[in-house]
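Participant: There's a structure below that I have some questions on.
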Amino acid sequence: MTSIRFSAALLPHPDSPVSEADAVTVAGAWSKENGLRLNYRLCGDLLAFLFPVPGQKLDANRLWAHSCCEVFLATAGRSAYREYNFSRSGQWAAFDFSGYRQPAPLSPRPLPAPEMRWQDTPAAPLRLAIAVVLERLEGRFAYWALRHPPGLPDFHHPVQFALILS
């Protein structure tokens with residue numbers, strides 16, 4: 001099977017502090033054989049942001065409270081989804097949800113390392129919500145995603161699952 005390649009520009013939340021030079025993009029590929037591969041690219045004055053350093057120990061359940069990359073995965077027609085957070089520190093975390101912001105226990109099957117080699121391929125198309133949190137030096141946060149629902153930044157909102165891979 002050939003892989004499905006994609007790229008997308010993430011949009012800043014309307015309340016996020018950004019300059020015109022800031023940009024966040026993601027490129028990736030998905031196939032049954034190789035799983036999902038993502039490459040996040042941040043452009044702009046990166047010295048204006050705080051990034052965890054490699055090896056820094058953070059609370060794995062709160063990687064989203066610092067600069068991190070995120071991806072949310074769901075299958076079409078289902079409300080359940082999984083969230084992955086990736087930190088420059090080298091840490092990553094995964095969370096399962098049975099529906100919108102409804103935590104569910106993680107599958108008892110051990111999670112793969114961040115290479116994310118999927119063992120089961122859903123029959124339905126895969127829906128992705130892709131997001132980035134950037135912590136600025138002055139303490140404010142910038143939130144980037146494919147789409148934003150009205151109101152506060154909310155990466156879990158169903159409108160976020162805007163990229164469909166079939």
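Residues are named by chain letter and number: chains run A, B, ... in the order of the structure tokens, numbers start at 1 in each chain, and ligands are numbered from 1 in the order shown.
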Return as a Markdown table the residues of segment 68-96 of chain A lying at most 9 Å from segment 129-148 of chain A, together with the closest atom-to-atom pair for each and the distance in Å to one decimal, counting only C-alpha atoms, with rows in chain order and ascending residue number.
Facilitator:
| residue | atom | partner | partner_atom | distance |
| --- | --- | --- | --- | --- |
| A:Cys68 | CA | A:Val133 | CA | 5.4 |
| A:Cys69 | CA | A:Val132 | CA | 4.5 |
| A:Glu70 | CA | A:Ala131 | CA | 5.0 |
| A:Val71 | CA | A:Ile130 | CA | 4.6 |
| A:Phe72 | CA | A:Ala129 | CA | 4.8 |
| A:Leu73 | CA | A:Ala129 | CA | 6.7 |
| A:Ala74 | CA | A:Ala129 | CA | 8.6 |
| A:Glu83 | CA | A:Ala129 | CA | 9.0 |
Participant: Hey, which of A:Phe86, A:Tyr81, A:Phe51, A:Phe6 ends up closest to Arg101 of chain A? Count only C-alpha atoms.
Facilitator: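 The answer is A:Tyr81, which sits nearest to Arg101 of chain A.
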Participant: When you look at Phe161 of chain A with a cut-off of 6 Å (counting only C-alpha atoms), what residues show up, excluding the ones that are within fewer than 2 positions of it in the same chain? I need them as a list in words.
Facilitator: Arg127, Leu128, Ala129, Pro158, Val159 and Leu163 of chain A
Participant: Kindly indicate which residue among A:Ala94, A:Ala8, A:Leu165, A:Leu46 lies nearest to Lys32 of chain A, using only C-alpha atoms for the distances.
Facilitator: A:Leu165
Participant: I'd like to know which of A:Ser31, A:Ser107, A:Gly99, A:Trp64 is closest to Ser79 of chain A, using only C-alpha atoms.
Facilitator: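 Using only C-alpha atoms, the shortest distance to Ser79 of chain A belongs to A:Gly99.
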Participant: Which of segment 122-164 of chain A counts as strand (DSSP E or B) under DSSP, as a ChimeraX atom specification please?
Facilitator: /A:126-136,141-145,163-164
Participant: May I ask which of the residues A:Ala162, A:Leu58, A:Leu152, A:Ala27 is the closest one to Pro14 of chain A, counting only C-alpha atoms?
Facilitator: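 The shortest atom-to-atom distance to Pro14 of chain A comes from A:Leu152.
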Participant: Using only C-alpha atoms, pick whichever of A:Ala29, A:Tyr100, A:Pro153, A:Ile164 has the shortest atom-to-atom distance to Pro12 of chain A.
Facilitator: A:Pro153
Participant: Closest to Phe95 of chain A among A:Arg78, A:His157, A:Arg62, A:Arg5, using only C-alpha atoms?
Facilitator: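 The closest residue to Phe95 of chain A is A:Arg62.
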Participant: Quick one: residues within 9 Å of Ala60 of chain A, only C-alpha atoms counted, chain neighbours fewer than 4 positions away excluded, as a ChimeraX atom specification?
Facilitator: /A:64,85,91-93
Participant: Quick check, in Å to one decimal: how far apart do atom CA of Pro125 of chain A and atom CA of Val24 of chain A lie?
Facilitator: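 The value is 24.8 Å.
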